[in-house]
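Novice: Before I ask anything, here is the structure I am working with.
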Amino acid sequence: MEKTGKSRKRLKAAKELNRVVTEYYVECGRAKTEEKPVGWLPPMNGAIEIFYAMDIQPVFPENWSPICAAFGLAERNFEVAEGMGYSRDLCGYMRNIIGYVHGLMNEEGTPLGGLPEPDILLSPGGGCVPVIKIFQELERRFPKAKVYPADLPQVPTEEILPHHLDYSIAEINRLVDFLSEATGRKLDLDRLREVVKLSDRACELWDEIMTYRRCIPTPFSAAEIGIMFVMVTRQGTQTAVDFLTTVRDEVKEKSAQGLGVLEQEKIRLFWDNIPLWYNMGLFNHFEGMGGVVVAETYSSAWSLRLDTDRPIEALALKSLKSYPLVSCVSVDKRVEMVVKACKEYSIDGAILHRNKSCLPITLGQMDIKKALEAELGIPSIVIDADHMDSRNFSVDQFQTRVDAFMEMLLAKKS
Amino acid sequence: MQSDLLEPFYEAIKDQEQRLRNLAAEDRKIIGYFCTYTPVELIHASGFIPMRVMGGTRTLTKADSLAPSFVCPYLRAALDKALNGEYSFLSGIVQGYTCDAACGVVRIWERNIPGEIFHTLALPYCDSVHSRRFFHSEIDALNVKFRAIDGGFNEQSLADSIELYGKIRRLVLEFYKMRYDGRLAIPASEFLAVIQAGFVTPPEDYLGMLERLAGAAELAAAANRGGTRVLVSGSLVEDGKVLDLVEESGGLIVADDLCTGIRNFYPASGFGLHPIERVIDRYMNRAPCPCRSRVSDRLPFLEDLLERSKAQGVIFLFQKYCTPHLADHPSLVEHCKAKGIPSIATEMEETGVNEGQLRTRLEAFFEMLR
Ligand code: SF4
Ligand code: SF4
């Protein structure tokens, strides 16, 4: 097995995905020539729908990082950031994007055309510290961009009270005012309703797609998780709905025919934490021993159904819930979700990626481990790695540990 | 060196566990917190004793089972202590939201260690009419939780607690002034002990200790300490040894921007008609920490400290893996450089600092400054 590598994909939709990704970045680049304002924002909040509804081009520096990892640009970006004094202990997304905006961004010939300079920066208050700090550095790097200092209560999903929601709604309204002022564009509520409907439809499709993975054998594995791209960057667009419809149709068909990733599916695995973007091929590794990764925590966090009758409130709620659900803000809820998923997806074993680059998703993982063992008798293994920085990942160690784990699961099953 | 004068403070630290256990046995509820963003006045006004949880330098036995190695040593040690039952006198943790690590550790603590209240206060990042109103509701919601465990504050009790803490903060800020002017005779590590005693002592008692200290002539007597004037900035410093190392290597610590330093005290109070408004106002104007502020908000504060203290260099002291501080570090260095202020940084690990290596680096640093 190699230290870095792409995954082997089996869905036909994988080809379609390449087109969707390219098109998105072409659209980002074109915004500049079309004089469409470009806004950089963190993912996992209700602002994306507002941006699409106001025809402002959303750009996600966090999403650019997996792309850099896949194209092998991350090392160069890390070098630039670390040269500036950013510690290697900081989240890889942070070092990657800071390195990129101070390095490669100033050069020609970046894959997919690179990122267009921001006219607007949605600088978060809320979410994780690295994301907050990424945007503060972007403020310094792009002094001409208009900055919206956002604010969002960090509160466990299960403890959201009316005043949290009220403040989050007030913040969405403040954002709309800011964007109108900054771009001269008005928000049309009917258009927003449409966008929210599309966003909700994408989530509905996403949930449906994930349900087919409960089938034995499962029609697709974590190796295909790149399809999540539209859930990150395209929520609220027809593109997302169309693409997910194609995926749904293919997956539904496969399930109906009983076609799985493997003919002989022996072990069903669960993956916790962000994948190793520079080595998605890892997910194929299990297949040699009859194992398939059929569910992940990370992918489920991007789908939240929205109340389409109350779009602003729905987006405010989405903003409040998204990050806590995937992080240590809501450990209880997360444990509950994983236990439920492991039951529903008939999981035999869980792989917990102890991710050096992401403390907020890693913290609480041991509680997940304990709960899986105690409540379902599902064993898990902890793998030390990093979703961005391959220097924090040892293939040999991974292989030895995972193979032993698989053998144990196989023995347990037979 | 000032052993008699400082004895009560060192004793309070040394005997903290027993003293707090005794109070808990008398049915006093003790509530732990991690960060200076926790409005201790609210806890105190509710009839509880706030205690800042410390980790200390120790060999960890249980933290690994729940937290990865890349959580800051402070929180790992604190969690380890708790898992070993050393914090069993606590009724729970109430914490103002600061960093990802602290937020996660509250939740993990709640799941694995008994207690009756666990709460993270969602603080606003912006200052506006809306955000103050939101904060007010958040404080009201916390009071509901306090009432559920037989406590809770009212207007009067909160006003009283604010006054008490205001007195404490003013006294300590006075010591800071003395230090800027070269009138504080004690080494930085001893000053740290004065501060740390306050984390684990009921505020009524602590105020008395501070007043006695302030009245002692010896405190300002032998202010002939030498060395290159420096400011220490960073996360939380628990072990005064690192400060001693700085002062033994040729430095004189004249100011700090630490979690266990001025950020705990400045400003002494806030403005507002209602006591809750005063708590909110103090929070909005407090000494900024990288968890909740931009470098551009921190710079004026830092520059003011440098100016008042006439520090010639900055020593950054970080807890290893402390994301908020590590993230701000490059820009701070750049700004210091632009102002002609050299800086040096070191990280505190689970085992403390590498003394030999740090001493050599510090000596070279002070050599250059001379
Ligand atoms: S990977 Fe984790 S730490 Fe990094 S930006 Fe995302 S949530 Fe934050
Ligand atoms: S030292 Fe840093 S990481 Fe640790 S609790 Fe403080 S701010 Fe958080």
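To be explicit about the labels: the chains of the structure tokens are called A, B, and onward in the order shown, and within each one the residues are counted from 1, while ligands get numbers from 1 in the order they are shown.
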Could you tell me, counting only C-alpha atoms and all ligand atoms, which protein and nucleic acid residues lie no more than 8 Å from ligand 2, written as a list in words?

Specialist: Phe34, Cys35, Val71, Cys72, Pro73, Tyr74, Leu75, Thr98, Cys99, Asp100, Ala101, Ala102, Ser235, Leu236, Cys259, Pro290, Cys291, Phe318, Gln319, Lys320, Tyr321, Cys322, Thr323, Pro324 and His325 of chain B

Novice: Generate the output file for the selected residues, C-alpha atoms, as an mmCIF file, in the first residue's frame.

Specialist:
```cif
data_model
loop_
_atom_site.group_PDB
_atom_site.id
_atom_site.type_symbol
_atom_site.label_atom_id
_atom_site.label_comp_id
_atom_site.auth_asym_id
_atom_site.auth_seq_id
_atom_site.Cartn_x
_atom_site.Cartn_y
_atom_site.Cartn_z
ATOM 1 C CA PHE B 34 -11.063 26.325 33.342
ATOM 2 C CA CYS B 35 -10.879 29.738 31.721
ATOM 3 C CA VAL B 71 -4.911 18.185 23.959
ATOM 4 C CA CYS B 72 -2.933 20.843 25.864
ATOM 5 C CA PRO B 73 -1.005 19.413 28.851
ATOM 6 C CA TYR B 74 -3.010 21.588 31.230
ATOM 7 C CA LEU B 75 -6.349 20.052 30.340
ATOM 8 C CA THR B 98 -13.172 29.566 24.867
ATOM 9 C CA CYS B 99 -11.243 26.924 22.955
ATOM 10 C CA ASP B 100 -12.183 23.610 21.348
ATOM 11 C CA ALA B 101 -10.188 21.640 23.901
ATOM 12 C CA ALA B 102 -11.861 23.178 26.950
ATOM 13 C CA SER B 235 -1.538 30.536 27.584
ATOM 14 C CA LEU B 236 -1.714 29.278 31.080
ATOM 15 C CA CYS B 259 -4.268 33.263 31.379
ATOM 16 C CA PRO B 290 -6.771 34.706 21.247
ATOM 17 C CA CYS B 291 -9.640 32.232 21.735
ATOM 18 C CA PHE B 318 2.589 28.344 25.189
ATOM 19 C CA GLN B 319 0.976 25.188 26.373
ATOM 20 C CA LYS B 320 1.884 22.622 23.751
ATOM 21 C CA TYR B 321 -0.941 22.124 21.220
ATOM 22 C CA CYS B 322 -2.655 25.328 22.344
ATOM 23 C CA THR B 323 -4.231 26.242 19.014
ATOM 24 C CA PRO B 324 -5.480 29.762 19.802
ATOM 25 C CA HIS B 325 -2.077 30.982 20.951
#
```

Novice: Got a sec to check which residues lie within 9 Å of ligand 1, using only C-alpha atoms and all ligand atoms, and send them as a list in words?

Specialist: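 Selection of residues at most 9 Å from ligand 1: Pro42, Glu62, Leu90, Cys91, Gly92, Tyr93, Met94, Gly127, Cys128, Val129, Pro130, Val131, Ile132, Ile134, Ile274, Tyr323, Val326, Ser327, Asn355, Ser357, Cys358, Leu359, Pro360, Ile361, Thr362, His387 and Met388 of chain A; Asp100 of chain B.
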
Novice: Taking N, CA, C and O atoms for each residue, export the selection above as an mmCIF file, in the first residue's frame.

Specialist:
```
data_model
loop_
_atom_site.group_PDB
_atom_site.id
_atom_site.type_symbol
_atom_site.label_atom_id
_atom_site.label_comp_id
_atom_site.auth_asym_id
_atom_site.auth_seq_id
_atom_site.Cartn_x
_atom_site.Cartn_y
_atom_site.Cartn_z
ATOM 1 N N PRO A 42 -16.864 30.025 5.772
ATOM 2 C CA PRO A 42 -16.662 28.681 6.300
ATOM 3 C C PRO A 42 -17.869 27.815 5.951
ATOM 4 O O PRO A 42 -18.959 28.352 5.736
ATOM 5 N N GLU A 62 -11.966 25.914 3.168
ATOM 6 C CA GLU A 62 -11.792 24.593 3.781
ATOM 7 C C GLU A 62 -11.918 23.493 2.734
ATOM 8 O O GLU A 62 -11.192 22.519 2.762
ATOM 9 N N LEU A 90 -0.739 22.833 14.324
ATOM 10 C CA LEU A 90 -2.034 23.442 13.970
ATOM 11 C C LEU A 90 -2.743 22.610 12.910
ATOM 12 O O LEU A 90 -2.098 21.925 12.109
ATOM 13 N N CYS A 91 -4.059 22.699 12.895
ATOM 14 C CA CYS A 91 -4.888 21.950 11.949
ATOM 15 C C CYS A 91 -4.367 22.102 10.512
ATOM 16 O O CYS A 91 -4.002 23.197 10.076
ATOM 17 N N GLY A 92 -4.336 20.989 9.792
ATOM 18 C CA GLY A 92 -3.800 20.975 8.433
ATOM 19 C C GLY A 92 -4.586 21.854 7.471
ATOM 20 O O GLY A 92 -4.028 22.407 6.512
ATOM 21 N N TYR A 93 -5.883 21.997 7.696
ATOM 22 C CA TYR A 93 -6.665 22.897 6.834
ATOM 23 C C TYR A 93 -6.133 24.317 6.981
ATOM 24 O O TYR A 93 -6.009 25.053 6.020
ATOM 25 N N MET A 94 -5.839 24.664 8.215
ATOM 26 C CA MET A 94 -5.360 26.004 8.476
ATOM 27 C C MET A 94 -4.018 26.247 7.797
ATOM 28 O O MET A 94 -3.829 27.227 7.075
ATOM 29 N N GLY A 127 -18.000 27.968 15.593
ATOM 30 C CA GLY A 127 -17.268 26.899 14.925
ATOM 31 C C GLY A 127 -15.983 26.630 15.691
ATOM 32 O O GLY A 127 -15.855 26.998 16.855
ATOM 33 N N CYS A 128 -15.009 26.011 15.031
ATOM 34 C CA CYS A 128 -13.774 25.672 15.749
ATOM 35 C C CYS A 128 -12.786 26.834 15.718
ATOM 36 O O CYS A 128 -12.888 27.733 14.886
ATOM 37 N N VAL A 129 -11.802 26.784 16.618
ATOM 38 C CA VAL A 129 -10.802 27.853 16.678
ATOM 39 C C VAL A 129 -9.998 27.940 15.365
ATOM 40 O O VAL A 129 -9.794 29.040 14.849
ATOM 41 N N PRO A 130 -9.535 26.806 14.794
ATOM 42 C CA PRO A 130 -8.780 26.940 13.532
ATOM 43 C C PRO A 130 -9.539 27.694 12.441
ATOM 44 O O PRO A 130 -8.958 28.531 11.744
ATOM 45 N N VAL A 131 -10.822 27.432 12.291
ATOM 46 C CA VAL A 131 -11.564 28.140 11.245
ATOM 47 C C VAL A 131 -11.643 29.635 11.565
ATOM 48 O O VAL A 131 -11.478 30.491 10.694
ATOM 49 N N ILE A 132 -11.858 29.955 12.822
ATOM 50 C CA ILE A 132 -11.891 31.366 13.224
ATOM 51 C C ILE A 132 -10.553 32.018 12.860
ATOM 52 O O ILE A 132 -10.496 33.102 12.275
ATOM 53 N N ILE A 134 -8.272 30.952 10.686
ATOM 54 C CA ILE A 134 -8.027 30.983 9.229
ATOM 55 C C ILE A 134 -8.557 32.301 8.687
ATOM 56 O O ILE A 134 -7.880 33.038 7.973
ATOM 57 N N ILE A 274 -12.679 12.688 9.833
ATOM 58 C CA ILE A 274 -12.461 13.058 8.430
ATOM 59 C C ILE A 274 -11.561 12.019 7.745
ATOM 60 O O ILE A 274 -10.638 11.504 8.370
ATOM 61 N N TYR A 323 -22.231 22.506 13.117
ATOM 62 C CA TYR A 323 -20.898 22.243 13.671
ATOM 63 C C TYR A 323 -20.958 21.421 14.970
ATOM 64 O O TYR A 323 -20.212 20.438 15.117
ATOM 65 N N VAL A 326 -21.025 17.591 14.633
ATOM 66 C CA VAL A 326 -19.862 16.825 14.180
ATOM 67 C C VAL A 326 -18.695 16.960 15.171
ATOM 68 O O VAL A 326 -17.712 16.248 15.081
ATOM 69 N N SER A 327 -18.821 17.852 16.151
ATOM 70 C CA SER A 327 -17.650 18.167 16.980
ATOM 71 C C SER A 327 -17.883 17.838 18.450
ATOM 72 O O SER A 327 -18.910 17.294 18.826
ATOM 73 N N ASN A 355 -7.405 11.991 14.736
ATOM 74 C CA ASN A 355 -6.946 12.913 13.710
ATOM 75 C C ASN A 355 -6.140 14.062 14.314
ATOM 76 O O ASN A 355 -6.703 14.988 14.884
ATOM 77 N N SER A 357 -4.952 16.499 13.025
ATOM 78 C CA SER A 357 -5.319 17.804 12.475
ATOM 79 C C SER A 357 -6.681 18.314 12.933
ATOM 80 O O SER A 357 -7.079 19.401 12.588
ATOM 81 N N CYS A 358 -7.421 17.493 13.668
ATOM 82 C CA CYS A 358 -8.735 17.994 14.072
ATOM 83 C C CYS A 358 -9.080 17.564 15.488
ATOM 84 O O CYS A 358 -9.683 16.516 15.711
ATOM 85 N N LEU A 359 -8.725 18.415 16.425
ATOM 86 C CA LEU A 359 -9.035 18.128 17.828
ATOM 87 C C LEU A 359 -10.546 18.087 18.090
ATOM 88 O O LEU A 359 -11.041 17.174 18.741
ATOM 89 N N PRO A 360 -11.331 19.084 17.575
ATOM 90 C CA PRO A 360 -12.755 19.089 17.930
ATOM 91 C C PRO A 360 -13.520 17.849 17.476
ATOM 92 O O PRO A 360 -14.503 17.482 18.114
ATOM 93 N N ILE A 361 -13.092 17.198 16.411
ATOM 94 C CA ILE A 361 -13.810 15.979 16.011
ATOM 95 C C ILE A 361 -13.235 14.772 16.752
ATOM 96 O O ILE A 361 -13.929 13.802 17.017
ATOM 97 N N THR A 362 -11.966 14.864 17.115
ATOM 98 C CA THR A 362 -11.338 13.732 17.801
ATOM 99 C C THR A 362 -11.765 13.638 19.272
ATOM 100 O O THR A 362 -11.959 12.545 19.799
ATOM 101 N N HIS A 387 -5.889 14.153 8.627
ATOM 102 C CA HIS A 387 -6.658 14.226 7.386
ATOM 103 C C HIS A 387 -5.977 15.040 6.289
ATOM 104 O O HIS A 387 -6.358 14.973 5.136
ATOM 105 N N MET A 388 -4.984 15.835 6.663
ATOM 106 C CA MET A 388 -4.296 16.653 5.657
ATOM 107 C C MET A 388 -2.801 16.378 5.549
ATOM 108 O O MET A 388 -2.237 16.438 4.466
ATOM 109 N N ASP B 100 -11.582 24.912 21.662
ATOM 110 C CA ASP B 100 -12.183 23.610 21.348
ATOM 111 C C ASP B 100 -11.856 22.584 22.429
ATOM 112 O O ASP B 100 -12.710 21.782 22.813
#
```

Novice: Looking at A:Arg185, A:Arg401, A:Arg141, A:Lys340, which one is nearest to chain B, with distances taken over only C-alpha atoms?

Specialist: A:Arg141

Novice: Up to 8 Å from chain B, what residues of chain A turn up? Count only C-alpha atoms and give them as an MDAnalysis selection string.

Specialist: chainID A and resid 84:87 89:90 125:126 128:130 133 136 149:155 163:164 167 170 328:332 354 356 359:360 362:367

Novice: Distance CA of Glu26 (chain B)-CA of Phe48 (chain B), one decimal place?

Specialist: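 Straight-line distance from CA of Glu26 (chain B) to CA of Phe48 (chain B) works out to 12.1 Å.
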
Novice: Work out how far apart CA of Gly258 (chain A) and CA of Val292 (chain A) are and give it in Å to one decimal.

Specialist: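 If I compute the distance from CA of Gly258 (chain A) to CA of Val292 (chain A), I get 15.3 Å.
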
Novice: Once DSSP has gone over the backbone, tell me which residues of region 23-224 of chain A are in strand (DSSP E), as an NGL selection string.

Specialist: :A and (38-40 or 57-59 or 120-123 or 146-149)

Novice: Name the residues in contact with Ile97 (chain A) at a cut-off of 12 Å, using only C-alpha atoms, excluding same-chain residues fewer than 4 positions from it; report them as a PyMOL selection string.

Specialist: chain A and resi 60-69+73-82+86+90-93+101-105+114-115+130-131+133-135+137-138+141+388

Novice: Contacts of Ile276 (chain B) at 8 Å or less, counting only C-alpha atoms, minus same-chain residues fewer than 4 places along, as an MDAnalysis selection string?

Specialist: chainID B and resid 136 139 155 158 272 280

Novice: What lies within 8 Å of Pro116 (chain A) using only C-alpha atoms, ignoring chain neighbours under 5 positions off, as a PyMOL selection string?

Specialist: chain A and resi 28-29+32+38

Novice: Show which residues sit within 10 Å of Asp190 (chain A), as a PDB file with all heavy atoms, in the first residue's frame. Count only C-alpha atoms, and ignore same-chain residues fewer than 6 positions away.

Specialist:
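File written: out_19.pdb
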```
ATOM      1  N   ALA A  53     -28.769  32.666  -3.021  1.00  0.00           N
ATOM      2  CA  ALA A  53     -30.003  33.410  -3.278  1.00  0.00           C
ATOM      3  C   ALA A  53     -29.700  34.845  -3.707  1.00  0.00           C
ATOM      4  O   ALA A  53     -30.451  35.443  -4.474  1.00  0.00           O
ATOM      5  CB  ALA A  53     -30.892  33.403  -2.034  1.00  0.00           C
ATOM      6  N   VAL A 196     -33.796  27.439  -0.476  1.00  0.00           N
ATOM      7  CA  VAL A 196     -33.916  26.598   0.719  1.00  0.00           C
ATOM      8  C   VAL A 196     -34.610  25.282   0.373  1.00  0.00           C
ATOM      9  O   VAL A 196     -34.241  24.214   0.869  1.00  0.00           O
ATOM     10  CB  VAL A 196     -34.634  27.368   1.855  1.00  0.00           C
ATOM     11  CG1 VAL A 196     -35.023  26.449   2.998  1.00  0.00           C
ATOM     12  CG2 VAL A 196     -33.737  28.484   2.376  1.00  0.00           C
ATOM     13  N   PRO A 311     -37.824  30.051   5.874  1.00  0.00           N
ATOM     14  CA  PRO A 311     -36.433  29.900   5.416  1.00  0.00           C
ATOM     15  C   PRO A 311     -35.391  30.530   6.339  1.00  0.00           C
ATOM     16  O   PRO A 311     -34.366  29.906   6.625  1.00  0.00           O
ATOM     17  CB  PRO A 311     -36.424  30.575   4.039  1.00  0.00           C
ATOM     18  CG  PRO A 311     -37.682  31.366   3.944  1.00  0.00           C
ATOM     19  CD  PRO A 311     -38.670  30.747   4.879  1.00  0.00           C
TER      20      PRO A 311
END
```
